[in-house]
Amino acid sequence: MALAGRSARRGAGARWLFVGIVITLLVLLVDASLHSRSPGPGQQLAAGAWVDRALPLIAASNTEGAQLDQLWSNGLSMKPAQLTALVDQVASGATRAYKEAVALRPPANLAGSAGLLEACLLARSQAASLIQGAVVETLDASSAGGQQSSQMQSAGNDLQVADQAYQLFASTIPKIGVTMPASQWLGNGNPYQPQTVQVFLASLHSSAISTPLHEVTIYAVTTIPSPVGAQGSTEVLPDAKAITVTIVVADTGNQPERNLTVTASVSPSAGSASARDFVDLLPGQAHTIVNLGPLNPPQGVPVTMTITVTPPAGSPTPPSTKTVVFSMPAPPPPTTATTTTTVPGKKTGG
């Protein structure tokens, strides 16, 4: 019987060593799983110590979230230096909270929960940094552009993820006699919606200008019924005898605007050609006029709808105008039917 070569014996020994290592790791993992499911006094003490160090970070994050709320409630009335200091403080505090959370090194039975808290604080840190950049760039730039608007919207998405991560974190903490406090940065997601962000940034830019600035902007125009398609730049509306229009106007200057006339008109028309309403606006305020009308556009031809915001006579505010071109399909031609009448007593045919 031939003996195995020295290299073969070394290979077999290496394989057995690898198998032994794998078995040892499996045993350790099973043991850790059993201990995490049934935490003993030592693990409870370690978990309690970690929670005691995490609670101040959560409290600090809640404070930063409350400071961020001031951006939306008071930002347009704050001086640029104050506003810059506010967003700088929130951004630096959020970054610090995340770094300190990573350094806590949780016990094994809290590893998953701690990871969720870290994810929450990381997302808040990223959002605060995006908001800081958007605000500073808006105050410094010659105008509030689309880049800052996109940054704000991305920040809102990050904050939504952060709040969800925190809810999961709080729900996965083992029962160690401590209830996690509530923590939410996105109680109201409306400030991060595209239209609201655009109005806010434009108004924020205007608020930093020392000279009076009168500016009114039409941000949205929607019709009822809504378009069902488009042919190039022409919207296609379904057949309707009348339409109404919803209009969003905003004061993007730094002065209040009074007695603005908002007019919607269609040309050509098949009846009522225009409708109007009146609004007052404060700097940074947006107002929605719902279902202005009715208007009677004709069918089968392109129709131009013009929305105009006109200030009162003598006002330094320039008017604002927006146009929408749409059409409604022409109604089908009437069908003709042939009717045959038979006279009683009279035969037809040959």
# chains A, B, ... in the order shown; residues from 1 in each chain; ligands from 1
>>> select_by_dssp(residues="segment 91-295 of chain A", states="strand (DSSP E)", output="PyMOL selection string")
chain A and resi 216-224+229-231+234-236+243-251+257-267+274-281+286-295
>>> write_last_selection(atoms="C-alpha atoms", output="PDB file, in the first residue's frame")
ATOM      1  CA  VAL A 216     -44.794  88.061  -8.276  1.00  0.00           C
ATOM      2  CA  THR A 217     -44.421  84.609  -9.868  1.00  0.00           C
ATOM      3  CA  ILE A 218     -46.950  82.172 -11.320  1.00  0.00           C
ATOM      4  CA  TYR A 219     -45.695  78.744 -10.272  1.00  0.00           C
ATOM      5  CA  ALA A 220     -48.363  76.327 -11.439  1.00  0.00           C
ATOM      6  CA  VAL A 221     -51.384  76.192 -13.739  1.00  0.00           C
ATOM      7  CA  THR A 222     -53.578  73.081 -13.908  1.00  0.00           C
ATOM      8  CA  THR A 223     -56.893  72.531 -15.642  1.00  0.00           C
ATOM      9  CA  ILE A 224     -59.974  70.507 -14.798  1.00  0.00           C
ATOM     10  CA  GLY A 229     -51.976  63.621 -23.560  1.00  0.00           C
ATOM     11  CA  ALA A 230     -49.926  66.081 -25.578  1.00  0.00           C
ATOM     12  CA  GLN A 231     -49.172  66.859 -29.203  1.00  0.00           C
ATOM     13  CA  THR A 234     -50.083  71.478 -27.050  1.00  0.00           C
ATOM     14  CA  GLU A 235     -51.885  69.730 -24.209  1.00  0.00           C
ATOM     15  CA  VAL A 236     -54.832  67.535 -25.165  1.00  0.00           C
ATOM     16  CA  ILE A 243     -63.117  73.960 -17.874  1.00  0.00           C
ATOM     17  CA  THR A 244     -61.788  75.479 -14.667  1.00  0.00           C
ATOM     18  CA  VAL A 245     -58.193  76.306 -13.769  1.00  0.00           C
ATOM     19  CA  THR A 246     -56.182  76.113 -10.538  1.00  0.00           C
ATOM     20  CA  ILE A 247     -53.387  78.670 -10.242  1.00  0.00           C
ATOM     21  CA  VAL A 248     -50.525  79.004  -7.747  1.00  0.00           C
ATOM     22  CA  VAL A 249     -49.076  82.504  -7.382  1.00  0.00           C
ATOM     23  CA  ALA A 250     -46.342  83.596  -4.984  1.00  0.00           C
ATOM     24  CA  ASP A 251     -44.675  86.757  -3.738  1.00  0.00           C
ATOM     25  CA  GLU A 257     -48.231  92.809  -2.568  1.00  0.00           C
ATOM     26  CA  ARG A 258     -51.842  93.992  -2.209  1.00  0.00           C
ATOM     27  CA  ASN A 259     -54.932  93.744  -4.394  1.00  0.00           C
ATOM     28  CA  LEU A 260     -53.409  91.641  -7.162  1.00  0.00           C
ATOM     29  CA  THR A 261     -55.816  90.685  -9.935  1.00  0.00           C
ATOM     30  CA  VAL A 262     -55.393  87.132 -11.222  1.00  0.00           C
ATOM     31  CA  THR A 263     -57.083  86.606 -14.591  1.00  0.00           C
ATOM     32  CA  ALA A 264     -57.499  83.454 -16.655  1.00  0.00           C
ATOM     33  CA  SER A 265     -58.672  83.888 -20.244  1.00  0.00           C
ATOM     34  CA  VAL A 266     -59.032  81.642 -23.291  1.00  0.00           C
ATOM     35  CA  SER A 267     -58.797  82.607 -26.953  1.00  0.00           C
ATOM     36  CA  SER A 274     -62.307  84.928 -18.844  1.00  0.00           C
ATOM     37  CA  ALA A 275     -62.528  84.725 -15.045  1.00  0.00           C
ATOM     38  CA  ARG A 276     -60.651  86.544 -12.301  1.00  0.00           C
ATOM     39  CA  ASP A 277     -59.889  86.611  -8.602  1.00  0.00           C
ATOM     40  CA  PHE A 278     -58.013  88.906  -6.186  1.00  0.00           C
ATOM     41  CA  VAL A 279     -55.216  88.061  -3.753  1.00  0.00           C
ATOM     42  CA  ASP A 280     -52.906  89.709  -1.209  1.00  0.00           C
ATOM     43  CA  LEU A 281     -49.460  88.218  -0.638  1.00  0.00           C
ATOM     44  CA  ALA A 286     -47.793  81.293  -2.026  1.00  0.00           C
ATOM     45  CA  HIS A 287     -51.534  81.244  -2.647  1.00  0.00           C
ATOM     46  CA  THR A 288     -53.586  78.700  -4.589  1.00  0.00           C
ATOM     47  CA  ILE A 289     -56.702  79.789  -6.457  1.00  0.00           C
ATOM     48  CA  VAL A 290     -58.791  76.655  -6.921  1.00  0.00           C
ATOM     49  CA  ASN A 291     -61.205  76.070  -9.821  1.00  0.00           C
ATOM     50  CA  LEU A 292     -61.233  79.549 -11.296  1.00  0.00           C
ATOM     51  CA  GLY A 293     -63.860  79.679 -14.028  1.00  0.00           C
ATOM     52  CA  PRO A 294     -65.800  78.312 -15.759  1.00  0.00           C
ATOM     53  CA  LEU A 295     -64.242  78.971 -19.151  1.00  0.00           C
TER      54      LEU A 295
END
>>> select_by_dssp(residues="segment 29-227 of chain A", states="helix (DSSP H, G or I)", output="ChimeraX atom specification")
/A:29-37,41-77,80-102,108-140,146-172,190-192,194-207
>>> atom_distance(atom1="atom CA of Pro238 of chain A", atom2="atom CA of Pro331 of chain A")
10.5 Å
>>> residues_around(residues="Glu100 of chain A", least_positions_apart="2", cutoff="10 Å", atoms="only C-alpha atoms", output="list in words")
Arg53, Ala54, Leu57, Thr95, Arg96, Ala97, Tyr98, Val102, Ala103, Leu104, Arg105, Glu118 and Leu121 of chain A
>>> atom_distance(atom1="atom CA of Gln160 of chain A", atom2="atom CA of Val87 of chain A")
18.7 Å
>>> atom_distance(atom1="atom CA of Ser315 of chain A", atom2="atom CA of Gly253 of chain A")
13.7 Å
